[in-house]
Amino acid sequence: MFPRTFDYFSPKTLAETMDLLDDSTSETKILSGGQSLLPAMKMRNISPKKVVDIGNLKELNFLSKTESMLTIGATITTGTLENDLEIACLMPALQETAAEIADPLVRNLGTVGGNLCYADPVNDMPTTMLSLNAYFLLASNAGKRMVSADEFFLDSFKTALKTNEMLTEIQIPFEEGKVGSAFRKIKKGSGGFTIAGVAAQVSIVEDTSVSACRIALGGVGPCVFRAKKAETELMGKMAEAPVLAEVAALAVEASKPISDLTASENYRRKVLGILVKEAVELAYKRAVMGGYE
Ligand SMILES: Cc1cc2nc3c(=O)[nH]c(=O)nc-3n(C[C@H](O)[C@H](O)[C@H](O)COP(=O)(O)OP(=O)(O)OC[C@H]3O[C@@H](n4cnc5c(N)ncnc54)[C@H](O)[C@@H]3O)c2cc1C
């Protein structure tokens, strides 16, 4: 099918974009990589009157790193993250997530910002950003505000973004000490969407016990969420088999998977337990091996 007719705008600056969004209603949509929006428009699930294409905004196409933070511009593609060797070393979960999204075509067009703002429960970037304690910079003509990943994802396809706001950058703080991260998912076929996904970030102290951790689950609830009881269980311990088994059981208990044509609720629970063990163990091992200290 073809989308319904709409007015197309291609602003060259952030200021111009803000003005276009300012008089916006829910009938205005930002277009970034188009890998989720365009199929939805073609299916006529969404029929915006106005489309604001941010693909030409050079201001949002950047990656930067300081001693304390990695900052990702909203229009950076997932393919760019997949192929960035420094990110693979610093935050392996981020590179692993990017590499697991769809196929090279989708990854080279789809953006990190679009993946987060669409908030499809089977999108992978929300899971990883939640585990990495990311912060999102949201901007409009009314000003800027910073929202944590914990507060950003509200429900299926629902975020804290207001209609005249856009995501401009993602800030990921480097945690102190020895830290490791990992992402694991089960998908349908080689380029398919997530059946269940897990991202973990683990920090350890001198005796290799866990001093901080964040475990995020995707595809097993209406929206991405942290398995907080599982995180508490891991605190102060070493990620050995009995601990991992308990952590996985608590995460599965917190999940609310559905049955659909892709997988049954039971299957999702079973694979989730395995993925939690794998992701937490790998994140822990990476921390023990030195993390990104
Ligand atoms: C065949 C296929 C397989 C896929 N498999 C996976 C997968 O395995 N895992 C996965 O995570 N994803 C998958 N995707 C989704 C893909 O990663 C999308 O690219 C991504 O979800 C959306 O990014 P985009 O840049 O294309 O955004 P768009 O499609 O352009 O926009 C998506 C939504 O976000 C809004 N938006 C975009 N940017 C901003 C911004 N800066 N501020 C505010 N709102 C914004 C748009 O208005 C729109 O509502 C798949 C897509 C396809 C087509």
# chains A, B, ... in the order shown; residues from 1 in each chain; ligands from 1
>>> residues_around(residues="Ile186 in chain A", least_positions_apart="2", cutoff="7 Å", atoms="only C-alpha atoms", output="list in words")
Thr194, Ile195, Ala196 and Gly197 of chain A
>>> residues_around(residues="Asp22 in chain A", least_positions_apart="4", cutoff="10 Å", atoms="only C-alpha atoms", output="mmCIF file with N, CA and C atoms, in the first residue's frame")
data_model
loop_
_atom_site.group_PDB
_atom_site.id
_atom_site.type_symbol
_atom_site.label_atom_id
_atom_site.label_comp_id
_atom_site.auth_asym_id
_atom_site.auth_seq_id
_atom_site.Cartn_x
_atom_site.Cartn_y
_atom_site.Cartn_z
ATOM 1 N N GLU A 16 15.320 25.277 12.925
ATOM 2 C CA GLU A 16 14.246 25.151 11.936
ATOM 3 C C GLU A 16 13.323 23.971 12.289
ATOM 4 N N THR A 17 13.936 22.893 12.745
ATOM 5 C CA THR A 17 13.159 21.698 13.121
ATOM 6 C C THR A 17 12.225 22.011 14.277
ATOM 7 N N MET A 18 12.784 22.708 15.277
ATOM 8 C CA MET A 18 11.977 23.064 16.456
ATOM 9 C C MET A 18 10.762 23.890 16.048
ATOM 10 N N SER A 140 12.829 21.209 22.632
ATOM 11 C CA SER A 140 11.717 21.855 21.918
ATOM 12 C C SER A 140 11.971 23.348 22.018
ATOM 13 N N ASN A 141 11.120 24.146 21.387
ATOM 14 C CA ASN A 141 11.283 25.596 21.496
ATOM 15 C C ASN A 141 11.103 26.068 22.934
ATOM 16 N N ALA A 142 10.471 25.238 23.765
ATOM 17 C CA ALA A 142 10.265 25.604 25.176
ATOM 18 C C ALA A 142 11.538 25.383 25.996
ATOM 19 N N THR A 163 4.515 16.194 22.303
ATOM 20 C CA THR A 163 4.334 16.248 20.836
ATOM 21 C C THR A 163 5.278 17.236 20.141
ATOM 22 N N ASN A 164 5.677 18.307 20.841
ATOM 23 C CA ASN A 164 6.558 19.271 20.161
ATOM 24 C C ASN A 164 8.041 19.026 20.479
ATOM 25 N N GLU A 165 8.336 17.882 21.109
ATOM 26 C CA GLU A 165 9.718 17.603 21.507
ATOM 27 C C GLU A 165 10.378 16.593 20.580
#
>>> closest_atom_pairs(of="chain A", to="ligand 1", cutoff="6 Å", atoms="only C-alpha atoms and all ligand atoms", output="JSON lines")
{"residue": "A:Lys29", "atom": "CA", "partner": "ligand 1", "partner_atom_place_in_ligand_line": "47 (O)", "distance": 4.4}
{"residue": "A:Ile30", "atom": "CA", "partner": "ligand 1", "partner_atom_place_in_ligand_line": "47 (O)", "distance": 3.7}
{"residue": "A:Leu31", "atom": "CA", "partner": "ligand 1", "partner_atom_place_in_ligand_line": "30 (O)", "distance": 4.0}
{"residue": "A:Ser32", "atom": "CA", "partner": "ligand 1", "partner_atom_place_in_ligand_line": "30 (O)", "distance": 3.4}
{"residue": "A:Gly33", "atom": "CA", "partner": "ligand 1", "partner_atom_place_in_ligand_line": "25 (O)", "distance": 3.3}
{"residue": "A:Gly34", "atom": "CA", "partner": "ligand 1", "partner_atom_place_in_ligand_line": "30 (O)", "distance": 3.3}
{"residue": "A:Gln35", "atom": "CA", "partner": "ligand 1", "partner_atom_place_in_ligand_line": "26 (O)", "distance": 3.5}
{"residue": "A:Ser36", "atom": "CA", "partner": "ligand 1", "partner_atom_place_in_ligand_line": "29 (O)", "distance": 3.5}
{"residue": "A:Leu37", "atom": "CA", "partner": "ligand 1", "partner_atom_place_in_ligand_line": "29 (O)", "distance": 3.7}
{"residue": "A:Ala74", "atom": "CA", "partner": "ligand 1", "partner_atom_place_in_ligand_line": "41 (N)", "distance": 5.2}
{"residue": "A:Ile101", "atom": "CA", "partner": "ligand 1", "partner_atom_place_in_ligand_line": "8 (O)", "distance": 3.9}
{"residue": "A:Ala102", "atom": "CA", "partner": "ligand 1", "partner_atom_place_in_ligand_line": "5 (N)", "distance": 3.8}
{"residue": "A:Val106", "atom": "CA", "partner": "ligand 1", "partner_atom_place_in_ligand_line": "52 (C)", "distance": 5.9}
{"residue": "A:Gly110", "atom": "CA", "partner": "ligand 1", "partner_atom_place_in_ligand_line": "19 (O)", "distance": 3.3}
{"residue": "A:Thr111", "atom": "CA", "partner": "ligand 1", "partner_atom_place_in_ligand_line": "25 (O)", "distance": 3.6}
{"residue": "A:Gly113", "atom": "CA", "partner": "ligand 1", "partner_atom_place_in_ligand_line": "41 (N)", "distance": 4.8}
{"residue": "A:Gly114", "atom": "CA", "partner": "ligand 1", "partner_atom_place_in_ligand_line": "27 (O)", "distance": 3.4}
{"residue": "A:Asn115", "atom": "CA", "partner": "ligand 1", "partner_atom_place_in_ligand_line": "21 (O)", "distance": 3.6}
{"residue": "A:Cys117", "atom": "CA", "partner": "ligand 1", "partner_atom_place_in_ligand_line": "34 (O)", "distance": 4.4}
{"residue": "A:Tyr118", "atom": "CA", "partner": "ligand 1", "partner_atom_place_in_ligand_line": "33 (C)", "distance": 4.0}
{"residue": "A:Asn123", "atom": "CA", "partner": "ligand 1", "partner_atom_place_in_ligand_line": "11 (O)", "distance": 3.2}
{"residue": "A:Asp124", "atom": "CA", "partner": "ligand 1", "partner_atom_place_in_ligand_line": "11 (O)", "distance": 3.8}
{"residue": "A:Met125", "atom": "CA", "partner": "ligand 1", "partner_atom_place_in_ligand_line": "11 (O)", "distance": 5.7}
{"residue": "A:Met166", "atom": "CA", "partner": "ligand 1", "partner_atom_place_in_ligand_line": "42 (N)", "distance": 3.6}
{"residue": "A:Leu167", "atom": "CA", "partner": "ligand 1", "partner_atom_place_in_ligand_line": "42 (N)", "distance": 3.8}
{"residue": "A:Thr168", "atom": "CA", "partner": "ligand 1", "partner_atom_place_in_ligand_line": "41 (N)", "distance": 5.6}
{"residue": "A:Gly192", "atom": "CA", "partner": "ligand 1", "partner_atom_place_in_ligand_line": "8 (O)", "distance": 5.3}
{"residue": "A:Phe193", "atom": "CA", "partner": "ligand 1", "partner_atom_place_in_ligand_line": "8 (O)", "distance": 3.9}
{"residue": "A:Thr194", "atom": "CA", "partner": "ligand 1", "partner_atom_place_in_ligand_line": "8 (O)", "distance": 5.6}
>>> write_last_selection(atoms="N, CA and C atoms", output="PDB file, in the first residue's frame")
ATOM      1  N   LYS A  29       4.821  13.968  12.348  1.00  0.00           N
ATOM      2  CA  LYS A  29       5.768  12.928  12.748  1.00  0.00           C
ATOM      3  C   LYS A  29       7.166  13.286  12.291  1.00  0.00           C
ATOM      4  N   ILE A  30       8.134  13.010  13.162  1.00  0.00           N
ATOM      5  CA  ILE A  30       9.539  13.127  12.772  1.00  0.00           C
ATOM      6  C   ILE A  30       9.894  11.874  11.978  1.00  0.00           C
ATOM      7  N   LEU A  31      10.633  12.077  10.887  1.00  0.00           N
ATOM      8  CA  LEU A  31      11.145  10.939  10.110  1.00  0.00           C
ATOM      9  C   LEU A  31      12.658  10.915  10.289  1.00  0.00           C
ATOM     10  N   SER A  32      13.183   9.774  10.760  1.00  0.00           N
ATOM     11  CA  SER A  32      14.639   9.687  10.931  1.00  0.00           C
ATOM     12  C   SER A  32      15.179   8.691   9.908  1.00  0.00           C
ATOM     13  N   GLY A  33      15.383   7.422  10.287  1.00  0.00           N
ATOM     14  CA  GLY A  33      15.819   6.439   9.294  1.00  0.00           C
ATOM     15  C   GLY A  33      14.659   5.888   8.473  1.00  0.00           C
ATOM     16  N   GLY A  34      13.451   6.061   8.972  1.00  0.00           N
ATOM     17  CA  GLY A  34      12.248   5.626   8.244  1.00  0.00           C
ATOM     18  C   GLY A  34      11.971   4.126   8.296  1.00  0.00           C
ATOM     19  N   GLN A  35      12.769   3.376   9.032  1.00  0.00           N
ATOM     20  CA  GLN A  35      12.629   1.915   9.006  1.00  0.00           C
ATOM     21  C   GLN A  35      11.444   1.385   9.816  1.00  0.00           C
ATOM     22  N   SER A  36      10.921   2.212  10.700  1.00  0.00           N
ATOM     23  CA  SER A  36       9.692   1.842  11.414  1.00  0.00           C
ATOM     24  C   SER A  36       8.539   2.718  10.941  1.00  0.00           C
ATOM     25  N   LEU A  37       8.815   4.018  10.784  1.00  0.00           N
ATOM     26  CA  LEU A  37       7.727   4.950  10.435  1.00  0.00           C
ATOM     27  C   LEU A  37       7.165   4.666   9.037  1.00  0.00           C
ATOM     28  N   ALA A  74      21.275  11.761  17.989  1.00  0.00           N
ATOM     29  CA  ALA A  74      20.076  10.948  17.736  1.00  0.00           C
ATOM     30  C   ALA A  74      20.041  10.299  16.355  1.00  0.00           C
ATOM     31  N   ILE A 101      20.499  -6.110  15.385  1.00  0.00           N
ATOM     32  CA  ILE A 101      19.281  -5.515  14.821  1.00  0.00           C
ATOM     33  C   ILE A 101      19.145  -5.880  13.342  1.00  0.00           C
ATOM     34  N   ALA A 102      18.060  -6.544  13.013  1.00  0.00           N
ATOM     35  CA  ALA A 102      17.661  -6.811  11.624  1.00  0.00           C
ATOM     36  C   ALA A 102      18.837  -7.232  10.740  1.00  0.00           C
ATOM     37  N   VAL A 106      18.820  -2.397   7.123  1.00  0.00           N
ATOM     38  CA  VAL A 106      18.055  -1.709   8.182  1.00  0.00           C
ATOM     39  C   VAL A 106      19.009  -0.985   9.133  1.00  0.00           C
ATOM     40  N   GLY A 110      18.427   2.791   9.828  1.00  0.00           N
ATOM     41  CA  GLY A 110      17.749   3.009  11.110  1.00  0.00           C
ATOM     42  C   GLY A 110      18.671   3.710  12.093  1.00  0.00           C
ATOM     43  N   THR A 111      18.113   4.636  12.856  1.00  0.00           N
ATOM     44  CA  THR A 111      18.933   5.427  13.778  1.00  0.00           C
ATOM     45  C   THR A 111      18.695   5.004  15.239  1.00  0.00           C
ATOM     46  N   GLY A 113      18.250   7.081  17.692  1.00  0.00           N
ATOM     47  CA  GLY A 113      17.141   7.898  18.198  1.00  0.00           C
ATOM     48  C   GLY A 113      15.789   7.339  17.786  1.00  0.00           C
ATOM     49  N   GLY A 114      15.670   6.929  16.525  1.00  0.00           N
ATOM     50  CA  GLY A 114      14.407   6.381  16.026  1.00  0.00           C
ATOM     51  C   GLY A 114      14.034   5.090  16.740  1.00  0.00           C
ATOM     52  N   ASN A 115      15.034   4.253  16.959  1.00  0.00           N
ATOM     53  CA  ASN A 115      14.796   2.984  17.642  1.00  0.00           C
ATOM     54  C   ASN A 115      14.263   3.225  19.053  1.00  0.00           C
ATOM     55  N   CYS A 117      12.804   6.165  20.223  1.00  0.00           N
ATOM     56  CA  CYS A 117      11.549   6.940  20.271  1.00  0.00           C
ATOM     57  C   CYS A 117      10.355   6.119  19.797  1.00  0.00           C
ATOM     58  N   TYR A 118      10.588   5.150  18.942  1.00  0.00           N
ATOM     59  CA  TYR A 118       9.470   4.324  18.477  1.00  0.00           C
ATOM     60  C   TYR A 118       8.933   3.470  19.640  1.00  0.00           C
ATOM     61  N   ASN A 123      11.888  -3.606  20.119  1.00  0.00           N
ATOM     62  CA  ASN A 123      13.118  -2.894  19.743  1.00  0.00           C
ATOM     63  C   ASN A 123      14.190  -3.161  20.797  1.00  0.00           C
ATOM     64  N   ASP A 124      15.439  -3.206  20.348  1.00  0.00           N
ATOM     65  CA  ASP A 124      16.517  -3.641  21.239  1.00  0.00           C
ATOM     66  C   ASP A 124      17.267  -2.510  21.952  1.00  0.00           C
ATOM     67  N   MET A 125      17.353  -1.341  21.302  1.00  0.00           N
ATOM     68  CA  MET A 125      18.126  -0.254  21.926  1.00  0.00           C
ATOM     69  C   MET A 125      17.551   0.165  23.291  1.00  0.00           C
ATOM     70  N   MET A 166      11.714  16.662  20.554  1.00  0.00           N
ATOM     71  CA  MET A 166      12.454  15.613  19.866  1.00  0.00           C
ATOM     72  C   MET A 166      13.650  15.177  20.715  1.00  0.00           C
ATOM     73  N   LEU A 167      14.105  13.968  20.466  1.00  0.00           N
ATOM     74  CA  LEU A 167      15.317  13.478  21.129  1.00  0.00           C
ATOM     75  C   LEU A 167      16.501  13.994  20.319  1.00  0.00           C
ATOM     76  N   THR A 168      17.436  14.648  20.989  1.00  0.00           N
ATOM     77  CA  THR A 168      18.599  15.148  20.236  1.00  0.00           C
ATOM     78  C   THR A 168      19.862  14.332  20.519  1.00  0.00           C
ATOM     79  N   GLY A 192      15.346 -11.386  12.166  1.00  0.00           N
ATOM     80  CA  GLY A 192      14.009 -11.125  12.719  1.00  0.00           C
ATOM     81  C   GLY A 192      13.993 -10.329  13.996  1.00  0.00           C
ATOM     82  N   PHE A 193      12.778  -9.969  14.381  1.00  0.00           N
ATOM     83  CA  PHE A 193      12.587  -9.205  15.613  1.00  0.00           C
ATOM     84  C   PHE A 193      12.819 -10.084  16.839  1.00  0.00           C
ATOM     85  N   THR A 194      13.030  -9.412  17.947  1.00  0.00           N
ATOM     86  CA  THR A 194      13.342 -10.071  19.214  1.00  0.00           C
ATOM     87  C   THR A 194      12.165 -10.872  19.773  1.00  0.00           C
TER      88      THR A 194
END
>>> residues_around(residues="Ile274 in chain A", least_positions_apart="4", cutoff="10 Å", atoms="only C-alpha atoms", output="MDAnalysis selection string")
chainID A and resid 184:185 198 244:245 248:249 252 269:270 278:279
>>> closest_residue(among="A:Thr71, A:Thr262, A:Thr5, A:Ser131", to="Gly180 in chain A", atoms="only C-alpha atoms")
A:Ser131
>>> residues_around(residues="range 147-152 of chain A", least_positions_apart="2", cutoff="7 Å", atoms="only C-alpha atoms", output="count of residues only")
11
>>> residues_around(residues="Ala216 in chain A", least_positions_apart="2", cutoff="8 Å", atoms="only C-alpha atoms", output="list in words")
Thr127, Thr128, Leu130, Ser131, Val198, Ala199, Ala200, Arg214, Gly218, Val224, Phe225, Arg226 and Ala227 of chain A
>>> atom_distance(atom1="CA of Ile204 in chain A", atom2="CA of Pro92 in chain A")
16.6 Å
>>> atom_distance(atom1="CA of Glu281 in chain A", atom2="CA of Glu253 in chain A")
19.0 Å
>>> residues_around(residues="range 60-64 of chain A", least_positions_apart="3", cutoff="6 Å", atoms="only C-alpha atoms", output="PyMOL selection string")
chain A and resi 57+70-76
>>> write_last_selection(atoms="C-alpha atoms", output="PDB file, in the first residue's frame")
ATOM      1  CA  LEU A  57      20.510  17.546  10.425  1.00  0.00           C
ATOM      2  CA  LEU A  70      29.726   8.645  25.778  1.00  0.00           C
ATOM      3  CA  THR A  71      27.334  10.892  23.837  1.00  0.00           C
ATOM      4  CA  ILE A  72      25.450   9.643  20.791  1.00  0.00           C
ATOM      5  CA  GLY A  73      23.649  12.051  18.450  1.00  0.00           C
ATOM      6  CA  ALA A  74      20.076  10.948  17.736  1.00  0.00           C
ATOM      7  CA  THR A  75      20.609  10.337  14.012  1.00  0.00           C
ATOM      8  CA  ILE A  76      23.641   8.080  14.396  1.00  0.00           C
TER       9      ILE A  76
END
>>> closest_residue(among="A:Thr28, A:Ser255, A:Ser209, A:Ser190", to="Lys237 in chain A", atoms="only C-alpha atoms")
A:Ser209
